[in-house]
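Notes follow the structure.
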Amino acid sequence: MRILFTCRPAYGHLFPLLPLANAARAAGHDVVFGTGEAFVPKVRELGFEAHRVGVSISDAEAEAKRRHGEDAGFLDVGVTMFADLLPRATLDDLTPLLPAVRPDLVVYEQSDVGAGIAARRAGLPAVSVVIGRSMPPEVLAVATERLRPLWGTLPADALFGDACVDVWPDRVRDPGTAAVPKVFRMRPTPYDPEVPLPPLPADGFVYLTFGTVVFGATQMLRGAIRALSRLDVDVLVAVGPGDPAALGELPDRVRVANFVPQAEVLKHAGLVVHHGGSGTVLATLAAGLPQLILPQGADQFANAETLSALGTAKALVGDAVRIDAIETAARELTADPAAWEIARAIAAEIAEMPPPEQVLAELVSWAG
């Protein structure tokens with residue numbers, strides 16, 4: 001079978017597709033990617049055929065702000081981005097590409113909804129991969145109306161499409177997937193770049209990361225480092241594509257790396273402090289660790305709220321993000337047996353979810 005995967009040109013959108021893409025390649029299927037221009041070389045370096053499809057989120061954001069003004073809210077800017085500019089760009093590029101690539105199945109991460117629309121128009125089966133929370137109801141309603149002309153006949157959920165792969169365990173599952181007619185449950189399987197494992201501190205260290213966020217993360221990381229250095233504990237910081245030197249002089253017990261094999265790191269950590277991105281949230285849950293979340297945007301606030309209500313995390317938002325507050329929350333989490341118990345229970349649930357290889361076989365059978 002020939003399978004086309006599509007995603008935005010960003011690590012947080014590419015990485016969630018790679019477990020399925022790697023499983024497909026290992027099973028002998030032909031795998032092709034469509035993504036934004038900046039990530040075409042990166043995907044090819046992973047050994048996949050890749051074509052330019054769509055535009056980046058930052059380009060869409062710039063255009064949306066040009067239309068609505070720099071001070072416009074998410075209801076204007078966000079909906080214009082994700083329900084107009086981004087899907088139309090993907091649709092424009094993918095429509096002529098599909099007859100050339102001739103895939104039997106299209107797999108797209110949920111923000112790349114234009115791929116689902118293009119596949120439906122071409123009569124191809126398509127499935128979205130859930131990488132984050134659905135939009136708030138009031139935003140989703142507006143987005144749905146903006147997407148209606150593109151879809152024609154709307155699916156049950158305008159963003160998740162006609163079918164989806166849901167990687168969230170039951171306790172923290174997004175209710176938005178309930179409307180999707182066909183749902184494949186899959187164990188969240190982190191993709192770790194092939195980078196060496198840095199020298200790790202003794203077990204129980206704090207792992208601090210803002211995922212692959214670059215812009216605006218440096219100041220927050222500096223503050224978190226100052227707070228965590230007050231604890232009697234080592235700290236490992238992963239800055240992704242950011243520049244470690246931008247953090248300045250570091251306390252003695254703090255180590256910094258760019259990318260790390262996160263799944264292996266989490267086996268030894270005692271607490272995770274992060275931005276609330278879905279990839280880090282799910283990886284931490286799978287490791288059975290409590291987490292302190294400092295959300296910055298997108299669905300990170302919803303993730304923080306969900307996990308805080310469950311009791312396996314604490315969240316600091318807005319003016320509450322202060323050095324003293326980060327220190328206090330970190331101390332409380334590491335000493336809270338209830339947070340550990342809930343985290344371990346969710347980890348056990350995740351371990352029972354179907355692996356990517358099994359879900360791939362189900363997708364192939366479903367697509368015919």
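Ordering of the structure tokens sets the chain letters (A, B, ...), residue numbers begin anew at 1 in every chain, and ligands are numbered from 1 in the order given.
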Just want the 12 Å neighbourhood of Val317 in chain A, counted on only C-alpha atoms, with same-chain residues fewer than 5 positions away dropped. Output as a list in words.
Met220, His275, Gly276, Leu292, Ile293, Leu294, Pro295, Gln296, Gly297, Gln300, Phe301, Ala302, Ala304, Glu305, Ser308, Arg322, Ala325 and Ile326 of chain A
With all heavy atoms retained, could you export that selection as a CSV table (one decimal), in the first residue's frame?
```csv
chain,number,residue,atom,x,y,z
A,220,MET,N,11.4,32.2,30.1
A,220,MET,CA,10.7,31.3,31.0
A,220,MET,C,11.6,30.2,31.4
A,220,MET,O,11.6,29.8,32.6
A,220,MET,CB,9.5,30.7,30.2
A,220,MET,CG,8.6,29.8,31.1
A,220,MET,SD,7.7,30.7,32.4
A,220,MET,CE,6.5,31.6,31.3
A,275,HIS,N,6.0,23.0,29.2
A,275,HIS,CA,5.1,24.0,28.7
A,275,HIS,C,3.7,23.5,28.5
A,275,HIS,O,2.8,24.3,28.2
A,275,HIS,CB,5.6,24.5,27.4
A,275,HIS,CG,5.8,23.5,26.3
A,275,HIS,ND1,6.5,22.3,26.6
A,275,HIS,CD2,5.3,23.4,25.1
A,275,HIS,CE1,6.5,21.5,25.5
A,275,HIS,NE2,5.8,22.2,24.6
A,276,GLY,N,3.5,22.2,28.6
A,276,GLY,CA,2.1,21.6,28.4
A,276,GLY,C,1.8,21.2,27.0
A,276,GLY,O,0.7,20.9,26.7
A,292,LEU,N,4.8,19.6,36.3
A,292,LEU,CA,4.5,21.0,36.6
A,292,LEU,C,4.4,21.7,35.2
A,292,LEU,O,5.4,21.6,34.5
A,292,LEU,CB,5.6,21.6,37.5
A,292,LEU,CG,5.5,23.1,37.7
A,292,LEU,CD1,4.2,23.5,38.3
A,292,LEU,CD2,6.6,23.6,38.6
A,293,ILE,N,3.3,22.3,34.9
A,293,ILE,CA,3.0,22.8,33.6
A,293,ILE,C,3.0,24.3,33.6
A,293,ILE,O,2.3,24.9,34.5
A,293,ILE,CB,1.7,22.2,33.0
A,293,ILE,CG1,1.7,20.7,33.0
A,293,ILE,CG2,1.5,22.7,31.6
A,293,ILE,CD1,0.5,20.0,32.6
A,294,LEU,N,3.7,24.9,32.8
A,294,LEU,CA,3.8,26.4,32.6
A,294,LEU,C,3.3,26.7,31.2
A,294,LEU,O,4.1,27.0,30.3
A,294,LEU,CB,5.2,26.9,32.8
A,294,LEU,CG,5.9,26.4,34.1
A,294,LEU,CD1,7.3,26.9,34.1
A,294,LEU,CD2,5.2,26.8,35.4
A,295,PRO,N,2.0,26.7,30.9
A,295,PRO,CA,1.5,26.8,29.5
A,295,PRO,C,1.8,28.1,28.9
A,295,PRO,O,1.7,29.2,29.6
A,295,PRO,CB,0.0,26.5,29.7
A,295,PRO,CG,-0.3,26.9,31.1
A,295,PRO,CD,0.9,26.5,31.9
A,296,GLN,N,2.0,28.1,27.6
A,296,GLN,CA,2.3,29.3,26.9
A,296,GLN,C,1.3,29.7,25.8
A,296,GLN,O,1.2,30.8,25.4
A,296,GLN,CB,3.7,29.2,26.2
A,296,GLN,CG,4.8,28.8,27.2
A,296,GLN,CD,5.0,29.9,28.2
A,296,GLN,OE1,5.4,31.1,27.9
A,296,GLN,NE2,4.7,29.6,29.5
A,297,GLY,N,0.6,28.7,25.2
A,297,GLY,CA,-0.3,29.0,24.2
A,297,GLY,C,-1.0,27.7,23.7
A,297,GLY,O,-0.8,26.6,24.2
A,300,GLN,N,-2.1,24.1,25.2
A,300,GLN,CA,-1.3,23.9,26.4
A,300,GLN,C,-2.1,24.2,27.7
A,300,GLN,O,-2.0,23.6,28.7
A,300,GLN,CB,0.0,24.7,26.4
A,300,GLN,CG,0.9,24.2,25.3
A,300,GLN,CD,2.0,25.2,25.0
A,300,GLN,OE1,2.3,26.1,25.8
A,300,GLN,NE2,2.6,25.1,23.8
A,301,PHE,N,-3.0,25.3,27.6
A,301,PHE,CA,-3.8,25.6,28.7
A,301,PHE,C,-4.8,24.6,29.1
A,301,PHE,O,-5.1,24.3,30.2
A,301,PHE,CB,-4.5,27.0,28.5
A,301,PHE,CG,-3.5,28.1,28.4
A,301,PHE,CD1,-3.1,28.6,27.1
A,301,PHE,CD2,-3.0,28.7,29.5
A,301,PHE,CE1,-2.2,29.6,27.0
A,301,PHE,CE2,-2.0,29.8,29.4
A,301,PHE,CZ,-1.7,30.2,28.1
A,302,ALA,N,-5.4,24.0,28.0
A,302,ALA,CA,-6.4,22.9,28.2
A,302,ALA,C,-5.7,21.7,28.8
A,302,ALA,O,-6.3,21.0,29.7
A,302,ALA,CB,-7.1,22.6,26.9
A,304,ALA,N,-3.1,21.7,30.7
A,304,ALA,CA,-2.7,22.0,32.1
A,304,ALA,C,-4.0,21.9,33.0
A,304,ALA,O,-3.9,21.3,34.1
A,304,ALA,CB,-2.1,23.4,32.2
A,305,GLU,N,-5.1,22.4,32.5
A,305,GLU,CA,-6.3,22.4,33.3
A,305,GLU,C,-6.8,20.9,33.5
A,305,GLU,O,-7.2,20.5,34.6
A,305,GLU,CB,-7.4,23.2,32.5
A,305,GLU,CG,-8.7,23.2,33.3
A,305,GLU,CD,-9.8,24.0,32.6
A,305,GLU,OE1,-9.4,24.6,31.5
A,305,GLU,OE2,-10.9,24.1,33.0
A,308,SER,N,-4.3,19.1,35.9
A,308,SER,CA,-4.4,19.7,37.3
A,308,SER,C,-5.7,19.2,38.0
A,308,SER,O,-5.7,18.8,39.1
A,308,SER,CB,-4.4,21.2,37.2
A,308,SER,OG,-3.2,21.7,36.7
A,322,ARG,N,5.9,32.6,38.8
A,322,ARG,CA,6.9,33.3,39.5
A,322,ARG,C,7.9,32.3,40.0
A,322,ARG,O,7.6,31.2,40.2
A,322,ARG,CB,6.4,34.2,40.6
A,322,ARG,CG,5.4,35.3,40.2
A,322,ARG,CD,4.8,36.1,41.3
A,322,ARG,NE,3.9,37.1,40.9
A,322,ARG,CZ,4.2,38.3,40.4
A,322,ARG,NH1,5.5,38.6,40.5
A,322,ARG,NH2,3.3,39.2,40.0
A,325,ALA,N,6.8,30.6,43.2
A,325,ALA,CA,5.7,29.7,42.9
A,325,ALA,C,6.2,28.4,42.3
A,325,ALA,O,5.7,27.3,42.6
A,325,ALA,CB,4.6,30.4,42.1
A,326,ILE,N,7.1,28.5,41.3
A,326,ILE,CA,7.6,27.3,40.6
A,326,ILE,C,8.3,26.5,41.6
A,326,ILE,O,8.2,25.2,41.7
A,326,ILE,CB,8.6,27.7,39.5
A,326,ILE,CG1,7.8,28.5,38.4
A,326,ILE,CG2,9.3,26.5,38.9
A,326,ILE,CD1,8.7,29.1,37.3
```
What residues in range 231-329 of chain A get the DSSP label alpha helix (DSSP H)? Please answer as a ChimeraX atom specification.
/A:262-266,278-287,300-310,323-329
Range 166-177 of chain A: which residues within 9 Å, counting only C-alpha atoms, same-chain residues fewer than 5 positions away excluded, as JSON, numbers by chain?
{"A": [128, 129, 130, 131, 132, 133, 134, 135, 157, 160, 183, 184, 185, 186, 187, 188, 189, 282, 303, 306, 307, 310, 346, 347, 349, 350, 353]}
Pick from A:Val321, A:Cys164, A:Leu98, A:Val359: nearest to Ala227 in chain A, with only C-alpha atoms counted?
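Residue with the minimum atom-to-atom distance to Ala227 in chain A: A:Val321.
If only C-alpha atoms are the atoms counted, then among A:Leu94, A:Val79, A:Ala38, A:Ala23 the closest residue to Leu159 in chain A is A:Val79.
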Tell me, as an mmCIF file with all heavy atoms, in the first residue's frame, which residues lie within 10 Å of range 39-46 of chain A, counting only C-alpha atoms; anything in the same chain fewer than 4 positions away does not count.
```
data_model
loop_
_atom_site.group_PDB
_atom_site.id
_atom_site.type_symbol
_atom_site.label_atom_id
_atom_site.label_comp_id
_atom_site.auth_asym_id
_atom_site.auth_seq_id
_atom_site.Cartn_x
_atom_site.Cartn_y
_atom_site.Cartn_z
ATOM 1 N N CYS A 7 1.805 16.929 7.214
ATOM 2 C CA CYS A 7 1.911 17.647 8.486
ATOM 3 C C CYS A 7 2.412 19.059 8.254
ATOM 4 O O CYS A 7 3.000 19.371 7.216
ATOM 5 C CB CYS A 7 2.843 16.920 9.449
ATOM 6 S SG CYS A 7 4.557 16.822 8.891
ATOM 7 N N ARG A 8 2.199 19.901 9.238
ATOM 8 C CA ARG A 8 2.792 21.228 9.243
ATOM 9 C C ARG A 8 4.311 21.099 9.394
ATOM 10 O O ARG A 8 4.797 20.141 10.009
ATOM 11 C CB ARG A 8 2.249 22.053 10.410
ATOM 12 C CG ARG A 8 0.757 22.216 10.374
ATOM 13 C CD ARG A 8 0.341 23.276 9.371
ATOM 14 N NE ARG A 8 -1.097 23.185 9.107
ATOM 15 C CZ ARG A 8 -1.640 23.179 7.906
ATOM 16 N NH1 ARG A 8 -0.865 23.229 6.847
ATOM 17 N NH2 ARG A 8 -2.938 23.116 7.750
ATOM 18 N N PRO A 9 5.087 22.058 8.878
ATOM 19 C CA PRO A 9 6.539 21.992 9.018
ATOM 20 C C PRO A 9 6.990 22.440 10.409
ATOM 21 O O PRO A 9 7.518 23.538 10.594
ATOM 22 C CB PRO A 9 7.031 22.951 7.919
ATOM 23 C CG PRO A 9 5.926 23.958 7.784
ATOM 24 C CD PRO A 9 4.662 23.188 8.024
ATOM 25 N N ALA A 10 6.769 21.561 11.391
ATOM 26 C CA ALA A 10 7.158 21.828 12.781
ATOM 27 C C ALA A 10 7.352 20.488 13.468
ATOM 28 O O ALA A 10 6.627 19.521 13.180
ATOM 29 C CB ALA A 10 6.086 22.653 13.501
ATOM 30 N N TYR A 11 8.329 20.411 14.369
ATOM 31 C CA TYR A 11 8.634 19.147 15.030
ATOM 32 C C TYR A 11 7.426 18.589 15.777
ATOM 33 O O TYR A 11 7.169 17.382 15.749
ATOM 34 C CB TYR A 11 9.793 19.330 16.009
ATOM 35 C CG TYR A 11 11.126 19.590 15.346
ATOM 36 C CD1 TYR A 11 11.707 20.856 15.372
ATOM 37 C CD2 TYR A 11 11.813 18.569 14.688
ATOM 38 C CE1 TYR A 11 12.930 21.099 14.763
ATOM 39 C CE2 TYR A 11 13.037 18.804 14.067
ATOM 40 C CZ TYR A 11 13.588 20.075 14.118
ATOM 41 O OH TYR A 11 14.800 20.307 13.508
ATOM 42 N N LEU A 14 5.292 16.957 13.096
ATOM 43 C CA LEU A 14 5.908 15.823 12.403
ATOM 44 C C LEU A 14 6.092 14.617 13.319
ATOM 45 O O LEU A 14 5.733 13.478 12.945
ATOM 46 C CB LEU A 14 7.263 16.244 11.832
ATOM 47 C CG LEU A 14 8.168 15.116 11.304
ATOM 48 C CD1 LEU A 14 7.533 14.420 10.115
ATOM 49 C CD2 LEU A 14 9.548 15.667 10.945
ATOM 50 N N LEU A 18 5.469 10.004 13.096
ATOM 51 C CA LEU A 18 6.577 9.108 12.784
ATOM 52 C C LEU A 18 6.412 7.681 13.314
ATOM 53 O O LEU A 18 6.863 6.740 12.645
ATOM 54 C CB LEU A 18 7.890 9.719 13.269
ATOM 55 C CG LEU A 18 8.336 10.947 12.466
ATOM 56 C CD1 LEU A 18 9.625 11.531 13.026
ATOM 57 C CD2 LEU A 18 8.511 10.608 10.985
ATOM 58 N N ASN A 22 6.987 5.011 10.524
ATOM 59 C CA ASN A 22 8.057 4.020 10.659
ATOM 60 C C ASN A 22 7.502 2.601 10.656
ATOM 61 O O ASN A 22 8.101 1.678 10.084
ATOM 62 C CB ASN A 22 8.859 4.279 11.932
ATOM 63 C CG ASN A 22 9.771 5.493 11.805
ATOM 64 O OD1 ASN A 22 10.260 5.794 10.724
ATOM 65 N ND2 ASN A 22 10.003 6.195 12.899
ATOM 66 N N VAL A 32 5.137 8.188 1.786
ATOM 67 C CA VAL A 32 5.415 9.490 1.191
ATOM 68 C C VAL A 32 4.951 10.560 2.167
ATOM 69 O O VAL A 32 3.945 10.378 2.861
ATOM 70 C CB VAL A 32 4.669 9.666 -0.157
ATOM 71 C CG1 VAL A 32 5.073 10.972 -0.832
ATOM 72 C CG2 VAL A 32 4.922 8.484 -1.064
ATOM 73 N N PHE A 33 5.675 11.681 2.220
ATOM 74 C CA PHE A 33 5.285 12.788 3.088
ATOM 75 C C PHE A 33 5.004 14.033 2.270
ATOM 76 O O PHE A 33 5.649 14.296 1.243
ATOM 77 C CB PHE A 33 6.403 13.115 4.086
ATOM 78 C CG PHE A 33 6.266 12.427 5.412
ATOM 79 C CD1 PHE A 33 6.721 11.124 5.582
ATOM 80 C CD2 PHE A 33 5.660 13.069 6.484
ATOM 81 C CE1 PHE A 33 6.605 10.482 6.799
ATOM 82 C CE2 PHE A 33 5.534 12.433 7.703
ATOM 83 C CZ PHE A 33 6.005 11.139 7.874
ATOM 84 N N GLY A 34 4.042 14.813 2.752
ATOM 85 C CA GLY A 34 3.828 16.157 2.264
ATOM 86 C C GLY A 34 3.937 17.105 3.443
ATOM 87 O O GLY A 34 3.274 16.899 4.465
ATOM 88 N N THR A 35 4.761 18.129 3.340
ATOM 89 C CA THR A 35 4.942 19.074 4.442
ATOM 90 C C THR A 35 5.453 20.392 3.886
ATOM 91 O O THR A 35 5.758 20.509 2.700
ATOM 92 C CB THR A 35 5.913 18.506 5.498
ATOM 93 O OG1 THR A 35 5.925 19.371 6.650
ATOM 94 C CG2 THR A 35 7.324 18.377 4.948
ATOM 95 N N ALA A 50 9.568 12.981 0.097
ATOM 96 C CA ALA A 50 8.854 14.143 0.638
ATOM 97 C C ALA A 50 8.600 15.174 -0.458
ATOM 98 O O ALA A 50 9.423 15.370 -1.356
ATOM 99 C CB ALA A 50 9.649 14.784 1.776
ATOM 100 N N HIS A 51 7.433 15.843 -0.351
ATOM 101 C CA HIS A 51 7.036 16.876 -1.300
ATOM 102 C C HIS A 51 6.565 18.109 -0.529
ATOM 103 O O HIS A 51 6.057 18.004 0.584
ATOM 104 C CB HIS A 51 5.888 16.369 -2.186
ATOM 105 C CG HIS A 51 6.231 15.155 -2.974
ATOM 106 N ND1 HIS A 51 6.742 15.205 -4.259
ATOM 107 C CD2 HIS A 51 6.139 13.823 -2.658
ATOM 108 C CE1 HIS A 51 6.941 13.981 -4.700
ATOM 109 N NE2 HIS A 51 6.588 13.123 -3.751
ATOM 110 N N ARG A 52 6.731 19.261 -1.145
ATOM 111 C CA ARG A 52 6.288 20.498 -0.505
ATOM 112 C C ARG A 52 4.770 20.606 -0.566
ATOM 113 O O ARG A 52 4.177 20.565 -1.641
ATOM 114 C CB ARG A 52 6.915 21.709 -1.203
ATOM 115 C CG ARG A 52 6.562 23.037 -0.521
ATOM 116 C CD ARG A 52 7.035 24.225 -1.341
ATOM 117 N NE ARG A 52 6.374 24.277 -2.635
ATOM 118 C CZ ARG A 52 5.137 24.733 -2.835
ATOM 119 N NH1 ARG A 52 4.403 25.144 -1.801
ATOM 120 N NH2 ARG A 52 4.618 24.746 -4.043
ATOM 121 N N VAL A 53 4.172 20.750 0.593
ATOM 122 C CA VAL A 53 2.717 20.894 0.698
ATOM 123 C C VAL A 53 2.402 21.906 1.800
ATOM 124 O O VAL A 53 2.852 21.759 2.934
ATOM 125 C CB VAL A 53 2.032 19.548 1.026
ATOM 126 C CG1 VAL A 53 0.548 19.763 1.338
ATOM 127 C CG2 VAL A 53 2.187 18.565 -0.123
ATOM 128 N N SER A 56 3.745 27.248 6.515
ATOM 129 C CA SER A 56 4.014 27.114 7.949
ATOM 130 C C SER A 56 2.975 27.860 8.771
ATOM 131 O O SER A 56 2.300 28.779 8.288
ATOM 132 C CB SER A 56 5.404 27.662 8.277
ATOM 133 O OG SER A 56 5.427 29.064 8.129
ATOM 134 N N PRO A 193 14.581 11.651 18.441
ATOM 135 C CA PRO A 193 15.646 11.767 17.434
ATOM 136 C C PRO A 193 16.838 10.899 17.831
ATOM 137 O O PRO A 193 17.059 10.614 19.015
ATOM 138 C CB PRO A 193 16.013 13.264 17.489
ATOM 139 C CG PRO A 193 14.839 13.927 18.132
ATOM 140 C CD PRO A 193 14.247 12.930 19.060
#
```
